[in-house]
file upload-v7.csv (CSV, C-alpha atoms)
chain,number,residue,atom,x,y,z
A,8,MET,CA,0.0,0.0,0.0
A,9,THR,CA,1.4,3.4,-1.0
A,10,SER,CA,0.7,6.7,0.8
A,11,SER,CA,-1.7,7.7,-2.0
A,12,ASP,CA,-3.5,4.3,-1.8
A,13,MET,CA,-4.0,4.8,1.9
A,14,GLU,CA,-5.3,8.3,1.4
A,15,ALA,CA,-7.7,7.2,-1.2
A,16,GLY,CA,-9.0,4.3,0.8
A,17,SER,CA,-9.5,6.1,4.1
A,18,GLY,CA,-10.4,9.6,3.0
A,19,GLU,CA,-7.7,10.9,5.3
A,20,ARG,CA,-4.4,12.5,4.5
A,21,PRO,CA,-1.2,10.6,5.3
A,22,VAL,CA,0.6,11.5,8.5
A,23,LEU,CA,4.3,12.3,8.8
A,24,LEU,CA,5.2,10.7,12.1
A,25,VAL,CA,8.3,12.3,13.5
A,26,LEU,CA,9.9,10.9,16.6
A,27,ALA,CA,12.5,13.4,17.6
A,28,ASP,CA,14.5,15.5,20.1
A,29,SER,CA,14.2,19.2,20.6
A,30,LEU,CA,16.0,20.0,17.4
A,31,SER,CA,12.7,19.4,15.7
A,32,TYR,CA,10.8,22.2,17.5
A,33,TYR,CA,13.4,24.7,18.8
A,34,GLY,CA,14.1,27.9,16.8
A,35,PRO,CA,16.6,30.7,17.1
A,36,LYS,CA,14.9,32.0,20.3
A,37,GLY,CA,13.7,28.8,22.0
A,38,GLY,CA,11.1,26.1,22.0
A,39,LEU,CA,8.0,26.5,19.7
A,40,PRO,CA,4.6,24.8,19.5
A,41,SER,CA,4.3,21.8,17.3
A,42,ASN,CA,2.2,23.7,14.7
A,43,HIS,CA,4.7,26.5,14.1
A,44,PRO,CA,5.0,26.8,10.4
A,45,ASP,CA,8.7,27.2,10.1
A,46,ILE,CA,10.0,24.1,12.0
A,47,TRP,CA,11.1,21.5,9.6
A,48,PRO,CA,8.4,18.8,10.2
A,49,ASN,CA,5.7,21.3,9.2
A,50,ILE,CA,7.7,22.6,6.2
A,51,VAL,CA,7.9,19.0,4.9
A,52,ALA,CA,4.3,18.2,5.6
A,53,ARG,CA,3.1,21.4,3.9
A,54,GLU,CA,5.1,20.5,0.8
A,55,LEU,CA,3.7,17.0,0.7
A,56,ASP,CA,0.1,18.0,1.7
A,57,TRP,CA,0.3,15.6,4.7
A,58,ASP,CA,-0.6,16.0,8.4
A,59,VAL,CA,2.1,15.8,11.1
A,60,GLU,CA,2.3,14.0,14.4
A,61,LEU,CA,5.4,15.4,16.1
A,62,VAL,CA,6.3,13.3,19.2
A,63,ALA,CA,9.4,14.9,20.7
A,64,ARG,CA,11.0,16.2,23.8
A,65,ILE,CA,14.2,17.9,24.8
A,66,GLY,CA,17.1,15.5,25.5
A,67,TRP,CA,15.5,12.5,23.8
A,68,THR,CA,17.7,9.7,22.5
A,69,SER,CA,17.1,6.7,20.4
A,70,ARG,CA,16.0,4.9,23.6
A,71,ASP,CA,13.2,7.4,24.0
A,72,VAL,CA,12.0,6.7,20.4
A,73,TRP,CA,11.5,3.1,21.5
A,74,TRP,CA,9.7,4.1,24.6
A,75,ALA,CA,7.4,6.5,22.7
A,76,LEU,CA,6.7,3.8,20.1
A,77,THR,CA,5.7,1.3,22.8
A,78,GLN,CA,4.1,3.6,25.4
A,79,ASP,CA,2.6,6.7,23.7
A,80,PRO,CA,-1.0,6.3,22.4
A,81,ARG,CA,-0.5,9.3,20.1
A,82,VAL,CA,2.1,7.2,18.2
A,83,TRP,CA,-0.3,4.1,18.1
A,84,SER,CA,-3.0,6.3,16.5
A,85,ALA,CA,-0.6,7.8,14.0
A,86,VAL,CA,1.0,4.6,12.7
A,87,PRO,CA,-2.1,3.3,10.8
A,88,ARG,CA,-2.3,6.6,8.9
A,89,ALA,CA,1.5,7.2,8.6
A,90,GLY,CA,2.9,7.9,5.1
A,91,ALA,CA,6.4,7.7,6.6
A,92,VAL,CA,8.1,7.7,10.0
A,93,VAL,CA,11.2,9.7,10.8
A,94,PHE,CA,13.6,8.9,13.6
A,95,ALA,CA,15.1,12.4,14.1
A,96,VAL,CA,17.3,11.5,17.1
A,97,GLY,CA,21.0,10.7,17.6
A,98,GLY,CA,22.5,14.1,18.5
A,99,MET,CA,21.8,13.7,22.2
A,100,ASP,CA,23.0,10.1,22.1
A,101,SER,CA,26.5,11.3,20.9
A,102,LEU,CA,27.0,14.2,23.4
A,103,PRO,CA,29.4,13.8,26.2
A,104,SER,CA,27.7,12.8,29.4
A,105,PRO,CA,30.5,12.4,32.1
A,106,LEU,CA,27.8,12.5,34.8
A,107,PRO,CA,25.3,9.7,34.6
A,108,THR,CA,22.4,10.3,32.2
A,109,ALA,CA,20.1,8.9,34.8
A,110,MET,CA,21.2,11.7,37.1
A,111,ARG,CA,20.2,14.4,34.6
A,112,GLU,CA,16.9,12.7,34.0
A,113,GLN,CA,16.1,12.4,37.7
A,114,LEU,CA,16.9,15.9,38.8
A,115,ARG,CA,13.3,17.1,38.4
A,116,TYR,CA,12.2,14.6,41.1
A,117,ILE,CA,14.5,15.8,43.8
A,118,ARG,CA,12.7,17.2,46.9
A,119,PRO,CA,12.5,19.6,48.5
A,120,PRO,CA,12.7,22.2,45.7
A,121,ALA,CA,15.6,24.1,47.5
A,122,LEU,CA,17.7,20.9,47.4
A,123,ARG,CA,16.8,20.3,43.7
A,124,ARG,CA,18.0,23.8,42.8
A,125,VAL,CA,21.3,23.2,44.6
A,126,VAL,CA,21.9,19.9,42.8
A,127,ARG,CA,20.8,21.3,39.4
A,128,THR,CA,23.2,24.2,39.8
A,129,ALA,CA,26.0,21.8,40.7
A,130,TYR,CA,25.3,19.6,37.7
A,131,GLN,CA,25.2,22.6,35.4
A,132,TRP,CA,28.6,23.7,36.7
A,133,LEU,CA,30.2,20.3,36.4
A,134,GLN,CA,28.8,19.3,33.0
A,135,PRO,CA,30.8,21.7,30.8
A,136,ARG,CA,34.0,21.3,32.9
A,137,LEU,CA,33.9,17.5,32.6
A,138,SER,CA,32.7,17.4,29.0
A,139,PRO,CA,36.2,17.7,27.5
A,140,LEU,CA,36.8,14.2,28.6
A,141,GLY,CA,34.5,13.3,25.8
A,142,TRP,CA,33.4,10.1,27.5
A,143,PRO,CA,31.1,8.5,28.2
A,144,VAL,CA,28.4,9.6,25.8
A,145,ALA,CA,24.7,9.8,26.7
A,146,LEU,CA,24.0,6.6,24.8
A,147,PRO,CA,26.8,4.4,23.3
A,148,PRO,CA,26.5,3.8,19.6
A,149,LYS,CA,25.8,0.1,20.0
A,150,LEU,CA,22.8,0.8,22.2
A,151,SER,CA,21.6,3.6,19.9
A,152,VAL,CA,21.5,1.2,17.0
A,153,GLU,CA,19.8,-1.5,19.0
A,154,TYR,CA,17.0,0.9,20.0
A,155,LEU,CA,16.7,2.2,16.4
A,156,GLU,CA,16.5,-1.4,15.1
A,157,SER,CA,13.9,-2.4,17.7
A,158,SER,CA,11.8,0.5,16.6
A,159,ARG,CA,12.2,-0.1,12.9
A,160,ALA,CA,11.4,-3.8,13.3
A,161,ALA,CA,8.3,-3.1,15.4
A,162,LEU,CA,7.0,-0.7,12.7
A,163,GLU,CA,7.9,-3.3,10.0
A,164,TYR,CA,5.8,-5.9,11.8
A,165,MET,CA,2.8,-3.6,11.9
A,166,ARG,CA,3.2,-2.0,8.5
A,167,PRO,CA,5.7,-3.8,6.3
A,168,GLU,CA,5.4,-1.2,3.6
A,169,LEU,CA,5.9,1.8,5.8
A,170,PRO,CA,9.0,3.8,4.9
A,171,VAL,CA,11.3,4.8,7.7
A,172,VAL,CA,13.9,7.5,7.5
A,173,GLY,CA,16.8,8.0,9.9
A,174,THR,CA,19.1,10.8,10.7
A,175,LEU,CA,22.8,11.3,11.4
A,176,PRO,CA,23.7,13.5,14.4
A,177,SER,CA,23.8,17.3,14.1
A,178,VAL,CA,26.7,19.4,15.1
A,179,HIS,CA,27.0,21.9,17.9
A,180,ARG,CA,29.2,24.6,19.4
A,181,SER,CA,27.6,24.6,22.9
A,182,GLU,CA,29.4,25.8,25.9
A,183,ALA,CA,27.2,23.6,28.0
A,184,TYR,CA,29.1,20.6,26.5
A,185,GLY,CA,32.5,22.3,26.3
A,186,LYS,CA,32.1,22.5,22.5
A,187,VAL,CA,33.0,18.8,22.5
A,188,HIS,CA,31.4,16.3,20.2
A,189,SER,CA,34.0,13.6,20.0
A,190,GLY,CA,31.3,10.9,20.2
A,191,ARG,CA,29.8,11.9,16.8
A,192,PRO,CA,32.1,9.9,14.5
A,193,GLY,CA,31.4,6.6,16.4
A,194,ALA,CA,27.6,7.4,16.3
A,195,VAL,CA,27.8,8.2,12.5
A,196,ALA,CA,29.6,4.9,11.8
A,197,ALA,CA,27.2,2.8,13.8
A,198,ILE,CA,24.0,4.4,12.4
A,199,THR,CA,25.3,4.3,8.8
A,200,ALA,CA,26.2,0.6,9.1
A,201,TRP,CA,22.7,-0.1,10.5
A,202,ALA,CA,21.0,2.0,7.8
A,203,GLU,CA,22.9,0.3,5.0
A,204,ASP,CA,22.1,-3.2,6.4
A,205,LYS,CA,18.4,-2.4,6.8
A,206,ASN,CA,18.0,-0.2,3.7
A,207,VAL,CA,17.0,2.9,5.8
A,208,PRO,CA,17.7,6.2,4.0
A,209,LEU,CA,19.5,8.8,6.2
A,210,VAL,CA,19.5,12.6,6.4
A,211,ASP,CA,22.8,14.0,7.6
A,212,LEU,CA,21.7,16.8,9.9
A,213,ALA,CA,25.2,18.0,10.2
A,214,GLU,CA,25.6,18.7,6.5
A,215,ALA,CA,22.2,20.5,6.5
A,216,VAL,CA,22.9,22.8,9.5
A,217,ARG,CA,26.6,23.2,9.8
A,218,ALA,CA,26.6,26.6,8.1
A,219,ASP,CA,23.7,27.7,10.3
A,220,ILE,CA,25.3,26.6,13.5
A,221,PHE,CA,28.9,27.8,12.9
A,222,GLY,CA,27.7,30.9,11.1
A,223,GLY,CA,26.1,32.1,14.2
A,224,ARG,CA,22.6,32.1,12.8
A,225,GLY,CA,21.2,29.5,15.2
A,226,ASN,CA,20.1,29.6,18.8
A,227,PRO,CA,22.6,31.2,21.2
A,228,ASP,CA,22.8,27.9,23.0
A,229,GLY,CA,25.0,26.6,20.2
A,230,ILE,CA,22.8,23.5,19.7
A,231,HIS,CA,19.5,24.5,18.2
A,232,TRP,CA,19.1,25.8,14.7
A,233,GLY,CA,17.9,29.0,13.1
A,234,TRP,CA,15.3,29.2,10.3
A,235,ASP,CA,17.9,28.5,7.6
A,236,GLY,CA,18.8,25.3,9.4
A,237,HIS,CA,15.2,24.1,9.5
A,238,ALA,CA,14.7,24.9,5.9
A,239,GLN,CA,17.8,23.0,4.8
A,240,VAL,CA,16.8,20.0,6.9
A,241,ALA,CA,13.3,20.1,5.4
A,242,ALA,CA,14.8,20.1,1.9
A,243,ALA,CA,17.1,17.1,2.7
A,244,MET,CA,14.2,15.3,4.3
A,245,LEU,CA,12.0,15.7,1.3
A,246,THR,CA,14.7,14.3,-0.9
A,247,ALA,CA,15.0,11.3,1.3
A,248,LEU,CA,11.2,10.7,1.5
A,249,ARG,CA,10.8,10.9,-2.2
A,250,ALA,CA,13.6,8.5,-2.7
A,251,THR,CA,11.7,5.9,-0.6
A,252,GLY,CA,8.6,6.3,-2.8
A,253,ALA,CA,6.6,7.7,0.2
A,254,ALA,CA,5.9,10.8,-1.8
A,255,PRO,CA,5.9,11.5,-5.6
A,256,MET,CA,9.0,12.9,-7.2
A,257,LEU,CA,8.7,16.4,-8.4
A,258,GLY,CA,10.6,18.3,-11.0
A,259,GLU,CA,12.5,20.1,-8.2
A,260,ASP,CA,12.7,19.7,-4.5
A,261,ILE,CA,12.0,22.8,-2.5
A,262,THR,CA,14.9,25.2,-2.0
A,263,ALA,CA,15.8,26.7,1.3
A,264,ALA,CA,14.3,30.0,0.2
A,265,ASP,CA,11.0,28.4,-0.7
A,266,ALA,CA,10.8,26.4,2.5
A,267,VAL,CA,10.6,29.2,5.0
A,268,SER,CA,7.1,30.6,5.0
A,269,SER,CA,7.1,33.5,7.5
A,270,ARG,CA,10.3,33.7,9.5
A,271,ALA,CA,8.1,34.2,12.5
A,272,GLU,CA,9.9,34.1,15.8

call {"tool": "encode", "arguments": {"input": "upload-v7.csv", "output": "structure tokens"}}
result
Amino acid sequence: MTSSDMEAGSGERPVLLVLADSLSYYGPKGGLPSNHPDIWPNIVARELDWDVELVARIGWTSRDVWWALTQDPRVWSAVPRAGAVVFAVGGMDSLPSPLPTAMREQLRYIRPPALRRVVRTAYQWLQPRLSPLGWPVALPPKLSVEYLESSRAALEYMRPELPVVGTLPSVHRSEAYGKVHSGRPGAVAAITAWAEDKNVPLVDLAEAVRADIFGGRGNPDGIHWGWDGHAQVAAAMLTALRATGAAPMLGEDITAADAVSSRAE
């Protein structure tokens, strides 16, 4: 069943199901609602005339994609209508995490609030100072790939014809991580090998946003992108989706200039 067959049979538009981290919904000044027209999932969906289900959260890794797929009823309702699924994670996996990831994730639960603030301040002080060690990363490449494959295999079991697109980690210049990203090459190698083995097309986020990040046009945090970054990712994602047959090929893919609708902030 193709996306167009599904649309004709159900009377509903296909859904672009995006399982992602905060790069999917942060702009140059911070987090944005999932219906903001200039974040890349909405640029892609607008071009394809699809709906979007964006399931994402700050700090998500490939492990969180698996948890969302198995635990979030929004994902369950989107899969039957999905024209394609995008695993837009990997950047967080490859960032240095010299303090245990579990510690970061549990900070919000510390009580009383005064103690939580002290611990959070200490964590934020230590993280950039220990990051130059470059190790360990938030999620080792082997585990990242295991979670990605578990997610892909689960979707294949439910919808064998459903296209899945993966991503290679973005780049950053964040002071919060000591501007260190030594875990990226290992993550790229592992994800690329998995994608080649399972015939999953990849979008290299780094290639799409490098000029945006290092040209100072992104978010001041040095991690999240500006509007040009979102537009470039959207263009690359459209190319990947059309290569899978999920969407019809056009004479030309959108350009970065065409992709950005309003530059709203």

call {"tool": "residues_around", "arguments": {"input": "upload-v7.csv", "residues": "Ile50 in chain A", "least_positions_apart": "4", "cutoff": "7 Å", "atoms": "only C-alpha atoms", "output": "list in words"}}
result
Pro44, Asp45, Ile46, Glu54, Ala241 and Ala266 of chain A

call {"tool": "residues_near_point", "arguments": {"input": "upload-v7.csv", "point": "(11.4, 6.4, 20.0)", "cutoff": "12 Å", "atoms": "all atoms listed in the file", "output": "PyMOL selection string"}}
result
chain A and resi 24-28+61-64+67-79+82+92-97+151-159+161-162+173

call {"tool": "closest_residue", "arguments": {"input": "upload-v7.csv", "among": "A:Pro176, A:Gly190, A:Pro40, A:Gly236", "to": "Phe221 in chain A", "atoms": "all atoms listed in the file"}}
result
A:Gly236

call {"tool": "atom_distance", "arguments": {"input": "upload-v7.csv", "atom1": "CA of Leu212 in chain A", "atom2": "CA of Met110 in chain A"}}
result
27.7 Å

call {"tool": "closest_residue", "arguments": {"input": "upload-v7.csv", "among": "A:Ile117, A:Pro192, A:Trp57, A:Val216", "to": "Gly90 in chain A", "atoms": "only C-alpha atoms"}}
result
A:Trp57

call {"tool": "atom_distance", "arguments": {"input": "upload-v7.csv", "atom1": "CA of Asp204 in chain A", "atom2": "CA of Leu175 in chain A"}}
result
15.4 Å

call {"tool": "closest_residue", "arguments": {"input": "upload-v7.csv", "among": "A:Pro227, A:Gly222, A:Ala145, A:Pro170", "to": "Gly98 in chain A", "atoms": "all atoms listed in the file"}}
result
A:Ala145

call {"tool": "closest_residue", "arguments": {"input": "upload-v7.csv", "among": "A:Ala202, A:Leu133, A:Val51, A:Val59", "to": "Ala238 in chain A", "atoms": "all atoms listed in the file"}}
result
A:Val51
